[in-house]
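*Asks:* Sharing input_4.cif, mmCIF, C-alpha atoms:
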```cif
data_structure
#
loop_
_atom_site.label_atom_id
_atom_site.label_comp_id
_atom_site.auth_asym_id
_atom_site.auth_seq_id
_atom_site.Cartn_x
_atom_site.Cartn_y
_atom_site.Cartn_z
CA MET A 16 -52.33 137.61 70.91
CA ALA A 17 -54.86 138.24 68.22
CA THR A 18 -57.04 135.46 66.92
CA LEU A 19 -56.95 134.25 63.36
CA ARG A 20 -60.62 135.04 62.90
CA THR A 21 -60.66 138.57 64.22
CA ASP A 22 -57.27 139.85 63.23
CA PHE A 23 -55.84 137.76 60.45
CA ASP A 24 -54.16 140.68 58.71
CA THR A 25 -52.40 141.79 61.86
CA LEU A 26 -51.12 138.29 62.48
CA VAL A 27 -49.82 138.01 58.93
CA LYS A 28 -47.96 141.30 59.27
CA ALA A 29 -46.56 140.42 62.68
CA LEU A 30 -45.62 136.79 62.19
CA SER A 31 -44.83 136.34 58.50
CA PRO A 32 -41.24 137.67 58.78
CA GLU A 33 -40.25 135.25 61.53
CA LEU A 34 -42.11 132.37 59.90
CA TYR A 35 -40.25 133.16 56.68
CA ARG A 36 -36.93 133.04 58.54
CA TYR A 37 -37.93 129.71 60.06
CA ALA A 38 -38.92 128.40 56.63
CA MET A 39 -35.62 129.55 55.17
CA GLY A 40 -33.80 127.76 57.95
CA LEU A 41 -35.65 124.59 56.99
CA CYS A 42 -35.52 124.69 53.20
CA HIS A 43 -32.84 127.26 52.20
CA ASN A 44 -34.87 128.26 49.18
CA PRO A 45 -36.54 131.70 49.10
CA ALA A 46 -39.34 130.72 46.71
CA THR A 47 -40.15 127.54 48.63
CA ALA A 48 -39.97 129.44 51.91
CA GLU A 49 -42.52 131.99 50.71
CA ASP A 50 -44.80 129.19 49.48
CA LEU A 51 -44.52 127.47 52.85
CA VAL A 52 -45.41 130.64 54.75
CA GLN A 53 -48.37 131.34 52.47
CA GLU A 54 -49.65 127.78 52.75
CA THR A 55 -49.21 127.93 56.51
CA PHE A 56 -51.40 131.00 56.84
CA LEU A 57 -53.98 129.62 54.44
CA ARG A 58 -54.24 126.37 56.37
CA GLY A 59 -54.47 128.39 59.55
CA TRP A 60 -57.16 130.57 58.02
CA ARG A 61 -59.21 127.57 56.88
CA SER A 62 -59.01 126.05 60.33
CA ARG A 63 -59.39 129.30 62.24
CA ASP A 64 -62.51 128.15 64.04
CA ASP A 65 -60.66 125.12 65.26
CA LEU A 66 -58.14 127.13 67.25
CA ARG A 67 -59.57 126.94 70.72
CA ASP A 68 -56.65 128.41 72.63
CA THR A 69 -56.00 131.72 70.91
CA LYS A 70 -52.77 132.23 72.84
CA ALA A 71 -51.37 129.23 71.02
CA ALA A 72 -51.81 130.77 67.56
CA ARG A 73 -48.11 131.50 67.11
CA ALA A 74 -46.89 128.04 68.11
CA TRP A 75 -49.73 126.56 66.08
CA LEU A 76 -48.58 128.38 62.93
CA TYR A 77 -44.99 127.22 63.47
CA THR A 78 -46.24 123.66 63.78
CA ILE A 79 -48.30 123.96 60.60
CA LEU A 80 -45.26 125.28 58.74
CA ARG A 81 -43.03 122.48 59.97
CA ASN A 82 -45.63 119.90 58.96
CA GLU A 83 -46.07 121.53 55.55
CA HIS A 84 -42.32 121.42 55.04
CA ALA A 85 -42.21 117.75 56.03
CA ARG A 86 -45.09 117.00 53.71
CA LEU A 87 -43.41 118.86 50.86
CA TYR A 88 -40.37 116.67 51.26
CA GLU A 89 -42.51 113.56 51.37
CA ARG A 90 -44.20 114.50 48.11
CA GLN A 91 -41.27 115.88 46.23
CA ARG A 92 -37.80 116.87 47.18
CA PRO A 93 -37.59 120.53 46.24
CA GLU A 94 -34.41 122.03 44.99
CA VAL A 95 -32.35 122.93 47.99
CA GLN A 96 -30.46 126.16 47.75
CA ASP A 97 -26.77 125.72 48.22
CA PRO A 98 -26.06 127.87 51.26
CA PHE A 99 -22.78 128.89 49.58
CA GLU A 100 -24.59 130.39 46.63
CA LEU A 101 -26.53 133.59 46.40
CA PRO A 102 -30.27 132.99 46.20
CA ASP A 103 -32.06 133.65 42.93
CA VAL A 104 -33.72 136.70 44.38
CA PRO A 105 -32.50 140.23 44.95
CA VAL A 106 -29.84 140.31 47.62
CA HIS A 107 -32.08 142.55 49.70
CA GLY A 108 -32.87 140.90 53.00
CA TYR A 109 -30.19 138.27 52.77
CA ASP A 110 -26.89 138.58 54.59
CA THR A 111 -24.20 137.96 51.97
CA SER A 112 -21.21 138.17 54.31
CA PRO A 113 -18.85 135.16 54.28
CA GLU A 114 -19.56 134.69 57.96
CA ALA A 115 -23.28 134.36 57.31
CA PHE A 116 -22.69 131.92 54.45
CA VAL A 117 -20.51 129.74 56.63
CA MET A 118 -23.07 129.82 59.41
CA ARG A 119 -25.94 128.93 57.07
CA ARG A 120 -23.91 126.11 55.56
CA ALA A 121 -23.19 124.72 59.01
CA LEU A 122 -26.88 125.00 59.90
CA ALA A 123 -27.90 123.28 56.66
CA ARG A 124 -25.58 120.38 57.43
CA LEU A 125 -27.23 119.69 60.76
CA GLY A 126 -29.64 116.78 60.73
CA GLY A 127 -33.30 117.71 60.94
CA ASP A 128 -33.58 116.27 64.44
CA TYR A 129 -31.08 118.84 65.66
CA ARG A 130 -31.87 121.74 63.34
CA ASP A 131 -35.60 121.82 64.15
CA PRO A 132 -35.33 122.50 67.89
CA LEU A 133 -32.45 124.91 67.34
CA LEU A 134 -34.45 126.97 64.83
CA LEU A 135 -37.50 126.98 67.07
CA GLN A 136 -35.37 128.26 69.94
CA VAL A 137 -33.31 130.81 68.01
CA VAL A 138 -35.90 132.07 65.49
CA GLY A 139 -39.10 131.45 67.42
CA GLY A 140 -37.79 132.08 70.92
CA PHE A 141 -39.73 129.10 72.24
CA SER A 142 -38.86 127.48 75.55
CA CYS A 143 -37.63 123.90 75.72
CA LYS A 144 -41.01 122.85 77.08
CA GLU A 145 -42.85 124.53 74.21
CA ILE A 146 -40.45 123.02 71.67
CA GLY A 147 -41.06 119.62 73.21
CA GLN A 148 -44.82 120.04 72.80
CA MET A 149 -44.42 121.14 69.21
CA LEU A 150 -42.09 118.28 68.28
CA ASP A 151 -43.66 115.58 70.44
CA LEU A 152 -40.52 115.24 72.49
CA ASN A 153 -39.93 115.35 76.19
CA THR A 154 -38.02 118.31 77.56
CA ASN A 155 -34.87 116.35 78.31
CA THR A 156 -34.69 115.17 74.71
CA VAL A 157 -35.04 118.76 73.53
CA LEU A 158 -32.19 119.81 75.84
CA THR A 159 -30.00 117.03 74.51
CA ARG A 160 -30.73 117.93 70.90
CA LEU A 161 -30.04 121.61 71.48
CA PHE A 162 -26.76 120.73 73.14
CA ARG A 163 -25.74 118.44 70.30
CA ALA A 164 -26.86 120.91 67.65
CA ARG A 165 -24.67 123.69 69.03
CA LYS A 166 -21.83 121.29 69.63
CA ALA A 167 -22.01 120.17 65.99
CA LEU A 168 -22.11 123.79 64.85
CA ARG A 169 -19.01 124.56 66.90
CA GLU A 170 -17.19 121.60 65.43
CA GLN A 171 -18.03 122.70 61.92
CA LEU A 172 -17.17 126.33 62.49
CA SER A 173 -13.93 125.82 64.33
CA ASP A 174 -10.74 124.43 62.85
CA GLN A 175 -9.21 124.13 66.25
CA PRO A 176 -10.02 121.28 68.57
CA GLN A 177 -12.26 122.53 71.34
CA LEU A 178 -12.54 121.43 74.89
CA GLU A 179 -16.11 120.23 74.81
CA ALA A 180 -18.35 119.06 77.52
CA ASN A 181 -19.39 115.90 75.78
CA ARG A 182 -16.59 113.48 75.16
CA MET B 8 -21.82 122.72 89.22
CA ASN B 9 -18.75 121.25 87.56
CA CYS B 10 -17.22 122.26 84.22
CA LEU B 11 -18.97 119.44 82.34
CA ASP B 12 -22.41 120.44 83.60
CA PHE B 13 -21.64 124.09 82.95
CA ARG B 14 -20.70 123.52 79.32
CA ARG B 15 -23.62 121.22 78.68
CA GLN B 16 -26.10 123.73 80.08
CA LEU B 17 -24.45 126.62 78.28
CA LEU B 18 -24.76 124.88 74.93
CA THR B 19 -28.47 124.27 75.43
CA ASP B 20 -29.06 127.97 76.15
CA PRO B 21 -26.06 130.29 75.81
CA PHE B 22 -27.90 133.21 77.38
CA CYS B 23 -29.29 131.29 80.32
CA LYS B 24 -29.45 133.45 83.46
CA ASP B 25 -29.24 130.58 85.92
CA THR B 26 -27.40 131.85 89.01
CA GLU B 27 -25.46 128.64 89.50
CA LEU B 28 -24.29 128.79 85.91
CA LEU B 29 -23.24 132.41 86.20
CA ALA B 30 -21.46 131.73 89.48
CA HIS B 31 -19.42 128.93 87.93
CA GLU B 32 -18.53 131.16 85.00
CA ALA B 33 -17.30 133.85 87.37
CA ASP B 34 -15.15 131.40 89.34
CA CYS B 35 -13.75 129.13 86.63
CA PRO B 36 -10.88 130.56 84.56
CA SER B 37 -11.21 127.92 81.82
CA CYS B 38 -15.00 128.05 81.45
CA ALA B 39 -15.27 131.84 81.28
CA PRO B 40 -13.56 132.15 77.86
CA PHE B 41 -15.51 129.11 76.66
CA ALA B 42 -18.73 130.90 77.60
CA ARG B 43 -17.68 134.06 75.77
CA ASP B 44 -16.86 132.01 72.70
CA VAL B 45 -20.19 130.16 72.78
CA ARG B 46 -22.13 133.40 73.17
CA ALA B 47 -20.21 135.02 70.33
CA GLN B 48 -21.09 132.09 68.10
CA GLU B 49 -24.72 132.32 69.21
CA ILE B 50 -24.82 135.98 68.24
CA ARG B 51 -23.39 135.11 64.82
CA LEU B 52 -26.02 132.41 64.42
CA ARG B 53 -28.86 134.75 65.38
CA ASN B 54 -27.52 137.49 63.14
CA ALA B 55 -27.30 135.11 60.18
CA LEU B 56 -30.95 134.11 60.68
CA GLN B 57 -32.36 137.47 61.72
CA ALA B 58 -30.78 139.14 58.70
CA ILE B 59 -33.13 137.19 56.45
CA SER B 60 -36.14 139.31 55.64
CA PRO B 61 -39.13 138.23 53.57
CA PRO B 62 -39.58 139.35 49.97
CA ASP B 63 -41.35 142.65 49.48
CA GLY B 64 -45.10 142.33 49.43
CA MET B 65 -45.21 138.80 50.84
CA ALA B 66 -47.65 139.70 53.64
CA GLU B 67 -49.96 141.44 51.16
CA ARG B 68 -49.87 138.40 48.87
CA ILE B 69 -50.81 136.15 51.77
CA GLN B 70 -53.70 138.42 52.74
CA LEU B 71 -54.88 138.48 49.15
CA ALA B 72 -54.63 134.69 48.88
CA ALA B 73 -56.70 134.33 52.05
CA ARG B 74 -59.39 136.64 50.66
CA PHE B 75 -59.45 134.68 47.43
CA ASP B 76 -59.58 131.41 49.32
CA GLN B 77 -62.53 132.66 51.35
CA ARG B 78 -64.31 133.81 48.21
CA SER B 79 -63.63 130.48 46.53
CA THR B 80 -65.12 128.69 49.49
CA VAL B 81 -68.24 130.82 49.34
CA GLN B 82 -68.47 130.32 45.59
CA ARG B 83 -67.97 126.59 45.99
CA ARG B 84 -70.72 126.49 48.59
CA TRP B 85 -72.97 128.37 46.19
CA TRP B 86 -72.10 125.86 43.48
CA TYR B 87 -72.86 122.96 45.80
CA SER B 88 -76.19 124.53 46.67
CA ALA B 89 -76.99 125.06 43.02
CA ALA B 90 -75.94 121.52 42.13
CA ALA B 91 -77.95 120.16 45.01
CA ALA B 92 -80.98 122.16 43.90
CA VAL B 93 -80.71 120.81 40.37
CA LEU B 94 -80.30 117.29 41.62
CA MET B 95 -83.26 117.74 43.91
CA THR B 96 -85.36 118.91 40.99
CA ILE B 97 -84.32 115.86 39.01
CA GLY B 98 -85.02 113.69 42.00
CA VAL B 99 -88.47 115.13 42.53
CA SER B 100 -89.28 114.67 38.86
CA MET B 101 -88.29 111.04 39.06
CA VAL B 102 -90.42 110.31 42.07
CA SER B 103 -93.37 109.47 39.89
CA LEU B 104 -91.25 107.05 37.88
CA PHE B 105 -89.30 105.34 40.58
CA THR B 106 -91.27 106.26 43.70
CA THR B 107 -88.03 107.23 45.37
CA SER B 108 -86.82 110.54 46.64
CA ILE B 109 -83.41 112.01 46.80
CA ASP B 110 -82.46 113.81 49.88
CA ARG B 111 -80.89 117.05 48.77
CA GLY B 112 -78.57 117.23 51.70
CA ASN B 113 -77.37 113.71 51.26
CA VAL B 114 -76.64 114.21 47.58
CA ALA B 115 -74.84 117.44 48.32
CA LEU B 116 -72.81 115.74 51.01
CA ALA B 117 -71.86 112.87 48.74
CA GLN B 118 -70.92 115.33 46.01
CA SER B 119 -68.92 117.40 48.50
CA VAL B 120 -66.95 114.31 49.41
CA ILE B 121 -66.10 113.64 45.77
CA ASN B 122 -65.27 117.30 45.14
CA HIS B 123 -63.04 117.43 48.18
CA ILE B 124 -61.09 114.36 47.08
CA GLU B 125 -60.65 115.79 43.59
CA ASP B 126 -59.73 119.27 44.86
CA GLU B 127 -57.05 117.81 47.08
CA SER B 128 -56.03 114.92 44.86
CA ASN B 129 -52.38 115.66 45.61
CA HIS B 130 -52.89 113.99 48.99
CA LEU B 131 -53.69 110.73 47.23
CA HIS B 132 -50.04 110.50 46.29
CA GLU B 133 -48.73 110.67 49.84
CA ALA B 134 -46.52 107.63 50.32
CA GLN B 135 -44.94 108.06 53.74
CA PRO B 136 -46.89 106.89 56.78
CA VAL B 137 -47.75 109.66 59.22
CA SER B 138 -46.64 109.27 62.80
CA ALA B 139 -48.87 108.15 65.64
CA GLY B 140 -48.17 111.50 67.28
CA ARG B 141 -49.56 113.41 64.34
CA MET B 142 -52.61 111.16 64.22
CA ASN B 143 -53.28 111.84 67.87
CA ARG B 144 -52.85 115.58 67.42
CA VAL B 145 -55.26 115.73 64.50
CA PHE B 146 -58.00 113.97 66.43
CA GLU B 147 -57.24 115.79 69.67
CA ARG B 148 -58.29 119.04 68.01
CA PHE B 149 -61.82 117.66 67.97
CA GLY B 150 -61.65 116.28 71.48
CA ALA B 151 -61.50 112.79 69.99
CA GLU B 152 -58.93 110.10 70.67
CA LEU B 153 -57.72 106.97 68.97
CA ALA B 154 -59.12 103.92 70.73
CA GLY B 155 -57.93 101.30 68.26
CA ASN B 156 -55.51 100.62 65.48
CA ILE B 157 -56.38 102.40 62.25
CA GLY B 158 -53.47 100.86 60.39
CA THR B 159 -51.16 102.64 57.99
CA VAL B 160 -52.17 106.22 57.24
CA ASN B 161 -50.28 108.24 54.65
CA PHE B 162 -52.01 111.56 55.17
CA ALA B 163 -53.82 113.04 58.15
CA ALA B 164 -55.05 116.61 58.50
CA GLU B 165 -57.98 118.72 59.49
CA CYS B 166 -60.12 119.76 56.60
CA LEU B 167 -63.16 121.79 55.80
CA MET B 168 -66.13 119.79 54.49
CA ARG B 169 -68.98 122.06 53.54
CA ASP B 170 -69.25 124.39 56.55
CA ARG B 171 -67.71 122.12 59.14
CA THR B 172 -64.22 120.96 59.93
CA GLY B 173 -63.38 117.29 60.09
CA VAL B 174 -60.51 114.86 59.76
CA HIS B 175 -59.13 113.88 56.36
CA LEU B 176 -57.14 110.64 56.13
CA VAL B 177 -55.61 108.79 53.21
CA LEU B 178 -54.92 105.07 53.65
CA PRO B 179 -53.27 102.67 51.24
CA GLY B 180 -55.71 100.30 49.54
CA LYS B 181 -55.44 97.41 47.11
CA MET B 182 -56.63 99.40 44.10
CA GLY B 183 -55.08 102.69 45.18
CA PRO B 184 -55.42 105.22 47.99
CA ILE B 185 -58.53 105.19 50.16
CA THR B 186 -59.82 108.52 51.45
CA VAL B 187 -61.57 108.71 54.79
CA PHE B 188 -63.41 111.74 56.18
CA PHE B 189 -64.51 111.85 59.78
CA MET B 190 -67.29 114.45 59.67
CA PRO B 191 -68.50 115.42 63.14
CA GLY B 192 -71.89 117.07 62.94
CA GLU B 193 -72.76 115.78 59.46
CA MET B 194 -75.73 113.65 60.45
CA THR B 195 -77.17 111.18 57.98
CA ALA B 196 -80.13 108.94 58.58
CA SER B 197 -78.76 106.02 56.62
CA THR B 198 -75.77 104.84 54.63
CA LEU B 199 -75.20 106.94 51.51
CA ALA B 200 -73.47 105.88 48.33
CA VAL B 201 -70.62 107.99 46.99
CA ASN B 202 -69.94 107.33 43.34
CA SER B 203 -68.15 108.99 40.47
CA ALA B 204 -66.43 107.78 37.35
CA ARG B 205 -63.26 107.18 39.30
CA PHE B 206 -64.29 106.68 42.92
CA ASN B 207 -66.81 104.70 44.86
CA GLY B 208 -67.57 104.43 48.51
CA GLN B 209 -70.12 105.23 51.15
CA ILE B 210 -71.00 107.57 53.97
CA LEU B 211 -71.93 105.79 57.17
CA PRO B 212 -74.02 107.38 59.93
CA THR B 213 -72.56 107.46 63.43
CA SER B 214 -73.69 108.85 66.75
CA TRP B 215 -71.44 111.89 66.38
CA GLY B 216 -71.85 112.59 62.66
CA SER B 217 -70.78 110.48 59.74
CA ILE B 218 -67.75 108.86 58.22
CA ALA B 219 -67.01 108.70 54.49
CA VAL B 220 -64.84 105.93 53.07
CA VAL B 221 -64.02 106.29 49.39
CA GLY B 222 -61.62 104.29 47.23
CA GLU B 223 -60.79 103.82 43.61
CA ALA B 224 -63.45 102.00 41.59
CA GLY B 225 -63.28 98.30 42.39
CA GLU B 226 -61.75 98.77 45.83
CA SER B 227 -63.24 96.50 48.47
CA LEU B 228 -64.37 98.65 51.40
CA ASP B 229 -66.41 96.06 53.26
CA GLY B 230 -66.34 96.73 56.98
CA LEU B 231 -63.64 99.38 56.71
CA GLY B 232 -65.89 102.27 57.68
CA GLU B 233 -67.25 100.45 60.71
CA ARG B 234 -63.74 99.43 61.78
CA LEU B 235 -62.44 103.00 61.48
CA ALA B 236 -65.47 104.42 63.27
CA ALA B 237 -64.85 102.02 66.15
CA ALA B 238 -61.18 102.98 66.30
CA VAL B 239 -61.88 106.60 67.27
CA ARG B 240 -63.65 107.68 70.43
CA TRP B 241 -65.48 110.98 70.05
CA PRO B 242 -66.77 113.25 72.78
CA ARG B 243 -70.43 112.94 73.56
CA THR B 244 -72.79 115.41 71.97
CA ASP B 245 -75.28 117.35 73.99
CA THR B 246 -77.05 119.55 71.50
CA VAL B 247 -78.90 118.68 68.36
CA GLU B 248 -80.73 121.25 66.30
CA LEU B 249 -83.03 120.79 63.38
CA ASP B 250 -82.49 122.85 60.30
CA LEU B 251 -85.12 123.89 57.77
CA LEU B 252 -84.96 120.55 56.01
CA GLY B 253 -85.74 118.76 59.22
CA ARG B 254 -82.39 117.09 59.05
CA GLY B 255 -80.67 116.61 62.35
CA THR B 256 -77.76 118.98 62.43
CA LEU B 257 -75.31 118.81 65.21
CA ILE B 258 -73.45 121.98 65.91
CA ALA B 259 -69.80 120.99 65.87
CA ALA B 260 -68.82 123.78 68.21
CA ARG B 261 -71.04 122.23 70.85
CA LEU B 262 -69.21 118.99 70.94
CA THR B 263 -68.40 118.53 74.58
CA GLN B 264 -66.02 116.39 76.48
CA PRO B 265 -67.52 113.44 78.34
#
```
For the file at hand, write its structure as structure tokens.
*Replies:*
Amino acid sequence: MATLRTDFDTLVKALSPELYRYAMGLCHNPATAEDLVQETFLRGWRSRDDLRDTKAARAWLYTILRNEHARLYERQRPEVQDPFELPDVPVHGYDTSPEAFVMRRALARLGGDYRDPLLLQVVGGFSCKEIGQMLDLNTNTVLTRLFRARKALREQLSDQPQLEANR
Amino acid sequence: MNCLDFRRQLLTDPFCKDTELLAHEADCPSCAPFARDVRAQEIRLRNALQAISPPDGMAERIQLAARFDQRSTVQRRWWYSAAAAVLMTIGVSMVSLFTTSIDRGNVALAQSVINHIEDESNHLHEAQPVSAGRMNRVFERFGAELAGNIGTVNFAAECLMRDRTGVHLVLPGKMGPITVFFMPGEMTASTLAVNSARFNGQILPTSWGSIAVVGEAGESLDGLGERLAAAVRWPRTDTVELDLLGRGTLIAARLTQP
């Protein structure tokens, strides 16, 4: 893993797409997502000397983005894109299939407590232990939230009653 | 593993390769289709998220913004230096009148504190208390730890003050928000006043650097700096260098754990 100081450009190229996807999963607004990613890298750049464990750069950037998103919502509640609607940007890079809309709507309806660990696992590929460190949760809590997140997604996406593990 | 455990584990990680999980799936006629269904949904979820790609040119815009940010920082440092030089000239010229001297570094530091608050004035409007976990994380980056109750804090982040990083807090006060900077390595010989048309406060010397406490004009800050300084335990310092001004300058990177 490159360091922010020595290879900032490489890190931006490599990580900005996945951080953008993560941001979109959080805010559902392309313009806000781009702002969040840019602010994340700038904060990372300003604090580059503070990153002692260079291997942690990726998780560190995810954490900065999540905090920036939380702070944005504390300051002002930005306009949230209706997952049913097309974004106000060219359709390029955005899956417009009905299936994708339904999935994004279901994801948007999840509470933040459940959506955050799910996005970190699916978009970031982080382990439950890593997610726990990033969210200040113990691993068992992360497991429970992932289970409930997917269970809630299934309930939203399925019209038929499912035989679920948790009754 | 029973069906309940299987389904719970599957929903936490649909592509888990646990042998016990896979064995149950192979043996259980009701769980096998459930697993296929869960994995199909997981693929749809991943496809919906992976299909999102960033706008064209986003990476280049970020790189450009970082360059500009770096240049701004350099320019701001130059401006601080120039302002400090002017103030020092004024100070020297007033020595004969008031038999006092103005320490250039101290003035620059006080001005940096004011500039930083004004540059990031948006943080003054933070209204939601930050969590204890975030507070701990911010200080942990410096090897410091909370040893007492700081009270309600509405903003906490690392920040760059002159050429060092520190901790930037915003606390609620009676007259408005109170800004606090923990500045490891910024050594001052005595308490410095921080004043502007809008803000007033002070910079207190500590063993590890200094702490600035600045509120709206009229805010009572008596004892607050000392209380906050006592509420954070910093790592001991083992290296002190003297710069050209003879001012003790602690190299932040050499902060060491006790």
*Asks:* For the file shown, report as JSON, numbers by chain the outcome of the PyMOL selection byres ((chain A and resi 43-57) around 7) at residue level.
*Replies:* {"A": [31, 34, 35, 38, 39, 40, 41, 42, 58, 59, 60, 61, 76, 79, 80, 83, 84, 95, 96, 98], "B": [69, 73]}
*Asks:* Where does the PyMOL selection byres ((chain B) within 7 of (chain A)) land in this file, that is, which residues does it pick, as a PDB file with C-alpha atoms, in the coordinates of the input?
*Replies:*
```
ATOM      1  CA  LEU B  11     -18.970 119.440  82.340  1.00  0.00           C
ATOM      2  CA  ARG B  14     -20.700 123.520  79.320  1.00  0.00           C
ATOM      3  CA  ARG B  15     -23.620 121.220  78.680  1.00  0.00           C
ATOM      4  CA  LEU B  18     -24.760 124.880  74.930  1.00  0.00           C
ATOM      5  CA  THR B  19     -28.470 124.270  75.430  1.00  0.00           C
ATOM      6  CA  LEU B  52     -26.020 132.410  64.420  1.00  0.00           C
ATOM      7  CA  ARG B  53     -28.860 134.750  65.380  1.00  0.00           C
ATOM      8  CA  ALA B  55     -27.300 135.110  60.180  1.00  0.00           C
ATOM      9  CA  LEU B  56     -30.950 134.110  60.680  1.00  0.00           C
ATOM     10  CA  ALA B  58     -30.780 139.140  58.700  1.00  0.00           C
ATOM     11  CA  ILE B  59     -33.130 137.190  56.450  1.00  0.00           C
ATOM     12  CA  SER B  60     -36.140 139.310  55.640  1.00  0.00           C
ATOM     13  CA  PRO B  61     -39.130 138.230  53.570  1.00  0.00           C
ATOM     14  CA  ALA B  66     -47.650 139.700  53.640  1.00  0.00           C
ATOM     15  CA  ILE B  69     -50.810 136.150  51.770  1.00  0.00           C
ATOM     16  CA  GLN B  70     -53.700 138.420  52.740  1.00  0.00           C
ATOM     17  CA  ALA B  73     -56.700 134.330  52.050  1.00  0.00           C
ATOM     18  CA  GLU B 133     -48.730 110.670  49.840  1.00  0.00           C
ATOM     19  CA  GLN B 135     -44.940 108.060  53.740  1.00  0.00           C
ATOM     20  CA  GLY B 140     -48.170 111.500  67.280  1.00  0.00           C
TER      21      GLY B 140
END
```
*Asks:* What is the distance between atom CA of B:Cys23 and atom CA of B:Pro36, in Å to one decimal?
*Replies:* 18.9 Å
*Asks:* The PyMOL selection byres ((chain B and resi 123) around 10) - which residues does that actually catch in the file I just gave you? List them as a PyMOL selection string.
*Replies:* chain B and resi 117-122+124-128+166-169+175+188
*Asks:* Please give the centre and size of the box around stretch 172-176 of chain B (axis-aligned, containing every atom listed in the file, 8 Å added per side), with values in Å to one decimal and written as AutoDock Vina command-line options.
*Replies:*
```
--center_x -60.7 --center_y 115.8 --center_z 58.1 --size_x 23.1 --size_y 26.3 --size_z 20.0
```
*Asks:* Do you have the atom CA of B:Ser217-atom CA of B:Arg205 distance handy?
*Replies:*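 These atoms are spaced 22.0 Å apart.
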*Asks:* So what do you get for atom CA of B:Arg171 versus atom CA of B:Met142, distance-wise?
*Replies:*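 Separation between atom CA of B:Arg171 and atom CA of B:Met142: 19.3 Å.
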*Asks:* Would you mind telling me which residue in B:Thr172, B:Asn202, B:Asn156, B:Ser138 lies nearest to B:Ala237 when using only C-alpha atoms?
*Replies:*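 Smallest distance to B:Ala237 is found for B:Asn156.
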